[in-house]
file run-v3.cif (mmCIF, C-alpha atoms)
data_model
loop_
_atom_site.group_PDB
_atom_site.id
_atom_site.type_symbol
_atom_site.label_atom_id
_atom_site.label_comp_id
_atom_site.auth_asym_id
_atom_site.auth_seq_id
_atom_site.Cartn_x
_atom_site.Cartn_y
_atom_site.Cartn_z
ATOM 1 C CA MET A 5 135.866 113.887 69.660
ATOM 2 C CA ARG A 6 133.336 112.366 67.244
ATOM 3 C CA LYS A 7 130.623 114.596 65.952
ATOM 4 C CA LYS A 8 127.130 113.371 66.746
ATOM 5 C CA LYS A 9 125.136 112.702 63.598
ATOM 6 C CA THR A 10 121.978 114.782 63.521
ATOM 7 C CA GLN A 11 118.923 113.500 61.769
ATOM 8 C CA ILE A 12 116.743 115.849 59.804
ATOM 9 C CA CYS A 13 113.751 113.569 60.220
ATOM 10 C CA ASP A 14 112.912 110.934 62.833
ATOM 11 C CA CYS A 15 110.696 107.848 62.899
ATOM 12 C CA THR A 16 107.711 109.720 64.331
ATOM 13 C CA GLU A 17 107.793 112.266 61.526
ATOM 14 C CA LEU A 18 108.130 109.544 58.916
ATOM 15 C CA LYS A 19 105.096 107.723 60.293
ATOM 16 C CA ALA A 20 103.105 110.963 60.174
ATOM 17 C CA TRP A 21 104.023 111.551 56.509
ATOM 18 C CA ALA A 22 104.298 107.929 55.257
ATOM 19 C CA ALA A 23 100.953 107.738 53.451
ATOM 20 C CA LEU A 24 101.490 111.026 51.623
ATOM 21 C CA TYR A 25 105.086 109.995 50.864
ATOM 22 C CA VAL A 26 103.963 106.724 49.266
ATOM 23 C CA GLU A 27 101.260 108.510 47.283
ATOM 24 C CA GLY A 28 103.804 111.083 46.081
ATOM 25 C CA GLU A 29 101.813 113.888 47.684
ATOM 26 C CA ALA A 30 104.315 114.966 50.359
ATOM 27 C CA PRO A 31 105.959 118.346 49.718
ATOM 28 C CA ALA A 32 109.327 118.068 47.963
ATOM 29 C CA THR A 33 111.384 119.183 50.963
ATOM 30 C CA ILE A 34 109.593 116.759 53.299
ATOM 31 C CA ARG A 35 109.911 113.981 50.728
ATOM 32 C CA GLN A 36 113.672 114.537 50.537
ATOM 33 C CA HIS A 37 114.052 114.374 54.341
ATOM 34 C CA LEU A 38 111.943 111.206 54.512
ATOM 35 C CA LEU A 39 113.962 109.575 51.744
ATOM 36 C CA LEU A 40 117.189 110.281 53.620
ATOM 37 C CA HIS A 41 115.683 108.830 56.793
ATOM 38 C CA ILE A 42 114.519 105.564 55.224
ATOM 39 C CA GLN A 43 117.987 105.058 53.784
ATOM 40 C CA THR A 44 119.356 104.827 57.327
ATOM 41 C CA CYS A 45 116.431 103.370 59.317
ATOM 42 C CA ARG A 46 115.583 99.746 58.587
ATOM 43 C CA ALA A 47 112.245 99.823 60.456
ATOM 44 C CA CYS A 48 110.975 102.868 58.574
ATOM 45 C CA ALA A 49 112.190 101.477 55.250
ATOM 46 C CA GLN A 50 110.209 98.315 55.990
ATOM 47 C CA LEU A 51 107.143 100.369 56.883
ATOM 48 C CA VAL A 52 107.317 102.331 53.624
ATOM 49 C CA ARG A 53 107.816 99.139 51.563
ATOM 50 C CA SER A 54 104.872 97.475 53.263
ATOM 51 C CA LEU A 55 102.651 100.505 52.786
ATOM 52 C CA GLN A 56 103.714 100.763 49.141
ATOM 53 C CA ARG A 57 102.839 97.089 48.545
ATOM 54 C CA THR A 58 99.420 97.621 50.114
ATOM 55 C CA VAL A 59 98.751 100.671 47.941
ATOM 56 C CA ASP A 60 99.967 98.837 44.818
ATOM 57 C CA PHE A 61 97.728 95.865 45.605
ATOM 58 C CA CYS A 62 94.697 98.098 46.074
ATOM 59 C CA ARG A 63 95.394 99.843 42.784
ATOM 60 C CA LEU A 64 95.313 96.472 41.013
ATOM 61 C CA GLN A 65 91.791 95.836 42.282
ATOM 62 C CA PRO A 66 89.113 97.538 40.176
ATOM 63 C CA GLY A 67 86.936 99.813 42.262
ATOM 64 C CA CYS A 68 88.945 99.086 45.411
ATOM 65 C CA HIS A 69 88.389 101.630 48.147
ATOM 66 C CA MET A 70 89.637 101.120 51.687
ATOM 67 C CA PRO A 71 87.189 102.377 54.317
ATOM 68 C CA ALA A 72 88.660 104.817 56.847
ATOM 69 C CA GLN A 73 88.171 102.334 59.713
ATOM 70 C CA ALA A 74 90.058 99.603 57.828
ATOM 71 C CA HIS A 75 92.819 102.072 56.968
ATOM 72 C CA GLU A 76 93.221 103.009 60.640
ATOM 73 C CA LYS A 77 93.256 99.349 61.709
ATOM 74 C CA LEU A 78 95.906 98.518 59.099
ATOM 75 C CA TRP A 79 98.052 101.467 60.219
ATOM 76 C CA ASP A 80 97.728 100.455 63.897
ATOM 77 C CA THR A 81 98.684 96.868 63.060
ATOM 78 C CA LEU A 82 101.740 97.987 61.089
ATOM 79 C CA ASN A 83 102.860 100.256 63.939
ATOM 80 C CA LYS A 84 102.453 97.475 66.537
ATOM 81 C CA HIS A 85 104.390 95.058 64.350
ATOM 82 C CA LEU A 86 107.255 97.514 63.900
ATOM 83 C CA LYS A 87 107.427 98.315 67.614
ATOM 84 C CA ARG A 88 107.828 94.607 68.417
ATOM 85 C CA LYS A 89 110.770 94.372 66.001
ATOM 86 C CA LYS A 90 112.751 97.161 67.710
#
call {"tool": "encode", "arguments": {"input": "run-v3.cif", "output": "structure tokens"}}
result
Amino acid sequence: MRKKKTQICDCTELKAWAALYVEGEAPATIRQHLLLHIQTCRACAQLVRSLQRTVDFCRLQPGCHMPAQAHEKLWDTLNKHLKRKK
């Protein structure tokens, strides 16, 4: 009988921690679990890459600050896009 692979972290948890993960502010143990998850989940890896590109772009812009409403809209759009791909 094959052993069922158990995941330490799932997609929902990754989405909850993604912003802090990208910023490097997630606790070390959480960060390790998220890293393991994105190595096996294509959708979450894409989400993290996309979020990282957005953060990198904003950092290149002097005085760039994303309003909370725009941040929420971006996050909702990314989530909808990923759900369509599944």
call {"tool": "atom_distance", "arguments": {"input": "run-v3.cif", "atom1": "CA of Phe61 (chain A)", "atom2": "CA of Gln43 (chain A)"}}
result
23.7 Å
call {"tool": "closest_residue", "arguments": {"input": "run-v3.cif", "among": "A:Leu86, A:Ala72, A:Ala32, A:Val59", "to": "Cys15 (chain A)", "atoms": "only C-alpha atoms"}}
result
A:Leu86
call {"tool": "closest_residue", "arguments": {"input": "run-v3.cif", "among": "A:Lys77, A:Arg46, A:Cys13, A:Ser54", "to": "Ile34 (chain A)", "atoms": "only C-alpha atoms"}}
result
A:Cys13
call {"tool": "atom_distance", "arguments": {"input": "run-v3.cif", "atom1": "CA of Ala23 (chain A)", "atom2": "CA of Leu55 (chain A)"}}
result
7.5 Å
call {"tool": "residues_around", "arguments": {"input": "run-v3.cif", "residues": "Cys45 (chain A)", "least_positions_apart": "2", "cutoff": "12 Å", "atoms": "only C-alpha atoms", "output": "list in words"}}
result
Gln11, Cys13, Asp14, Cys15, Thr16, Leu18, Leu38, Leu39, Leu40, His41, Ile42, Gln43, Ala47, Cys48, Ala49, Gln50, Leu51, Val52, Leu86 and Lys90 of chain A
call {"tool": "atom_distance", "arguments": {"input": "run-v3.cif", "atom1": "CA of Ala74 (chain A)", "atom2": "CA of Glu29 (chain A)"}}
result
21.1 Å
call {"tool": "closest_residue", "arguments": {"input": "run-v3.cif", "among": "A:Gln73, A:Gln36, A:Gln65, A:Thr58", "to": "Trp21 (chain A)", "atoms": "all atoms listed in the file"}}
result
A:Gln36
call {"tool": "closest_residue", "arguments": {"input": "run-v3.cif", "among": "A:Pro71, A:Arg35, A:Lys84, A:Leu64", "to": "Glu17 (chain A)", "atoms": "all atoms listed in the file"}}
result
A:Arg35
call {"tool": "closest_residue", "arguments": {"input": "run-v3.cif", "among": "A:Pro66, A:Thr81, A:Arg53, A:Lys87", "to": "Val26 (chain A)", "atoms": "only C-alpha atoms"}}
result
A:Arg53
call {"tool": "decode", "arguments": {"input": "run-v3.cif", "residues": "chain A", "atoms": "C-alpha atoms", "output": "PDB file, in the first residue's frame"}}
result
ATOM      1  CA  MET A   5       0.000   0.000   0.000  1.00  0.00           C
ATOM      2  CA  ARG A   6       1.324   3.456  -0.926  1.00  0.00           C
ATOM      3  CA  LYS A   7       1.718   5.953   1.833  1.00  0.00           C
ATOM      4  CA  LYS A   8      -0.285   9.125   1.321  1.00  0.00           C
ATOM      5  CA  LYS A   9       1.952  12.174   1.136  1.00  0.00           C
ATOM      6  CA  THR A  10       1.046  14.688   3.812  1.00  0.00           C
ATOM      7  CA  GLN A  11       1.580  18.349   3.211  1.00  0.00           C
ATOM      8  CA  ILE A  12       2.794  20.566   5.993  1.00  0.00           C
ATOM      9  CA  CYS A  13       1.265  23.617   4.355  1.00  0.00           C
ATOM     10  CA  ASP A  14      -1.605  24.002   1.888  1.00  0.00           C
ATOM     11  CA  CYS A  15      -2.580  26.620  -0.688  1.00  0.00           C
ATOM     12  CA  THR A  16      -4.853  28.495   1.716  1.00  0.00           C
ATOM     13  CA  GLU A  17      -2.066  28.888   4.254  1.00  0.00           C
ATOM     14  CA  LEU A  18       0.363  30.016   1.576  1.00  0.00           C
ATOM     15  CA  LYS A  19      -2.059  32.682   0.376  1.00  0.00           C
ATOM     16  CA  ALA A  20      -2.468  33.914   3.952  1.00  0.00           C
ATOM     17  CA  TRP A  21       1.314  34.221   4.423  1.00  0.00           C
ATOM     18  CA  ALA A  22       2.403  35.114   0.848  1.00  0.00           C
ATOM     19  CA  ALA A  23       2.941  38.845   1.375  1.00  0.00           C
ATOM     20  CA  LEU A  24       5.004  38.337   4.526  1.00  0.00           C
ATOM     21  CA  TYR A  25       6.896  35.502   2.808  1.00  0.00           C
ATOM     22  CA  VAL A  26       7.849  37.729  -0.135  1.00  0.00           C
ATOM     23  CA  GLU A  27       8.872  40.542   2.203  1.00  0.00           C
ATOM     24  CA  GLY A  28      10.999  38.117   4.235  1.00  0.00           C
ATOM     25  CA  GLU A  29       8.953  38.838   7.349  1.00  0.00           C
ATOM     26  CA  ALA A  30       7.354  35.407   7.842  1.00  0.00           C
ATOM     27  CA  PRO A  31       8.686  33.454  10.833  1.00  0.00           C
ATOM     28  CA  ALA A  32      11.473  31.025   9.919  1.00  0.00           C
ATOM     29  CA  THR A  33       9.418  27.881  10.532  1.00  0.00           C
ATOM     30  CA  ILE A  34       6.493  29.195   8.468  1.00  0.00           C
ATOM     31  CA  ARG A  35       8.875  30.337   5.740  1.00  0.00           C
ATOM     32  CA  GLN A  36      10.371  26.844   5.530  1.00  0.00           C
ATOM     33  CA  HIS A  37       6.923  25.213   5.210  1.00  0.00           C
ATOM     34  CA  LEU A  38       5.883  27.712   2.530  1.00  0.00           C
ATOM     35  CA  LEU A  39       9.091  27.136   0.586  1.00  0.00           C
ATOM     36  CA  LEU A  40       8.471  23.388   0.585  1.00  0.00           C
ATOM     37  CA  HIS A  41       4.906  23.960  -0.600  1.00  0.00           C
ATOM     38  CA  ILE A  42       5.817  26.212  -3.530  1.00  0.00           C
ATOM     39  CA  GLN A  43       8.330  23.627  -4.693  1.00  0.00           C
ATOM     40  CA  THR A  44       5.464  21.192  -5.272  1.00  0.00           C
ATOM     41  CA  CYS A  45       2.523  23.475  -6.152  1.00  0.00           C
ATOM     42  CA  ARG A  46       2.736  25.218  -9.514  1.00  0.00           C
ATOM     43  CA  ALA A  47      -0.157  27.621  -8.806  1.00  0.00           C
ATOM     44  CA  CYS A  48       1.325  28.838  -5.527  1.00  0.00           C
ATOM     45  CA  ALA A  49       4.791  29.144  -7.062  1.00  0.00           C
ATOM     46  CA  GLN A  50       3.261  31.328  -9.775  1.00  0.00           C
ATOM     47  CA  LEU A  51       1.475  33.429  -7.165  1.00  0.00           C
ATOM     48  CA  VAL A  52       4.690  34.009  -5.207  1.00  0.00           C
ATOM     49  CA  ARG A  53       6.636  34.891  -8.389  1.00  0.00           C
ATOM     50  CA  SER A  54       3.950  37.333  -9.461  1.00  0.00           C
ATOM     51  CA  LEU A  55       3.787  38.939  -6.035  1.00  0.00           C
ATOM     52  CA  GLN A  56       7.584  39.173  -5.918  1.00  0.00           C
ATOM     53  CA  ARG A  57       7.660  40.904  -9.326  1.00  0.00           C
ATOM     54  CA  THR A  58       5.043  43.395  -8.150  1.00  0.00           C
ATOM     55  CA  VAL A  59       7.005  44.159  -4.981  1.00  0.00           C
ATOM     56  CA  ASP A  60      10.261  44.483  -6.955  1.00  0.00           C
ATOM     57  CA  PHE A  61       8.607  46.850  -9.430  1.00  0.00           C
ATOM     58  CA  CYS A  62       7.239  49.030  -6.642  1.00  0.00           C
ATOM     59  CA  ARG A  63      10.652  49.184  -5.002  1.00  0.00           C
ATOM     60  CA  LEU A  64      12.118  50.533  -8.248  1.00  0.00           C
ATOM     61  CA  GLN A  65       9.689  53.451  -8.188  1.00  0.00           C
ATOM     62  CA  PRO A  66      10.833  56.302  -5.936  1.00  0.00           C
ATOM     63  CA  GLY A  67       8.243  57.131  -3.314  1.00  0.00           C
ATOM     64  CA  CYS A  68       5.941  54.343  -4.500  1.00  0.00           C
ATOM     65  CA  HIS A  69       3.310  53.407  -1.956  1.00  0.00           C
ATOM     66  CA  MET A  70       0.391  51.140  -2.784  1.00  0.00           C
ATOM     67  CA  PRO A  71      -2.853  52.230  -1.116  1.00  0.00           C
ATOM     68  CA  ALA A  72      -4.601  49.526   0.921  1.00  0.00           C
ATOM     69  CA  GLN A  73      -7.581  49.473  -1.474  1.00  0.00           C
ATOM     70  CA  ALA A  74      -5.302  48.930  -4.488  1.00  0.00           C
ATOM     71  CA  HIS A  75      -3.426  46.208  -2.609  1.00  0.00           C
ATOM     72  CA  GLU A  76      -6.687  44.386  -1.851  1.00  0.00           C
ATOM     73  CA  LYS A  77      -7.860  44.706  -5.466  1.00  0.00           C
ATOM     74  CA  LEU A  78      -4.545  43.339  -6.758  1.00  0.00           C
ATOM     75  CA  TRP A  79      -4.714  40.402  -4.328  1.00  0.00           C
ATOM     76  CA  ASP A  80      -8.326  39.628  -5.333  1.00  0.00           C
ATOM     77  CA  THR A  81      -7.392  39.746  -9.019  1.00  0.00           C
ATOM     78  CA  LEU A  82      -4.440  37.402  -8.498  1.00  0.00           C
ATOM     79  CA  ASN A  83      -6.617  34.944  -6.564  1.00  0.00           C
ATOM     80  CA  LYS A  84      -9.333  34.967  -9.261  1.00  0.00           C
ATOM     81  CA  HIS A  85      -6.737  34.421 -11.972  1.00  0.00           C
ATOM     82  CA  LEU A  86      -5.212  31.464 -10.135  1.00  0.00           C
ATOM     83  CA  LYS A  87      -8.597  29.866  -9.466  1.00  0.00           C
ATOM     84  CA  ARG A  88      -9.397  29.949 -13.195  1.00  0.00           C
ATOM     85  CA  LYS A  89      -6.135  28.131 -13.966  1.00  0.00           C
ATOM     86  CA  LYS A  90      -6.922  25.174 -11.672  1.00  0.00           C
TER      87      LYS A  90
END
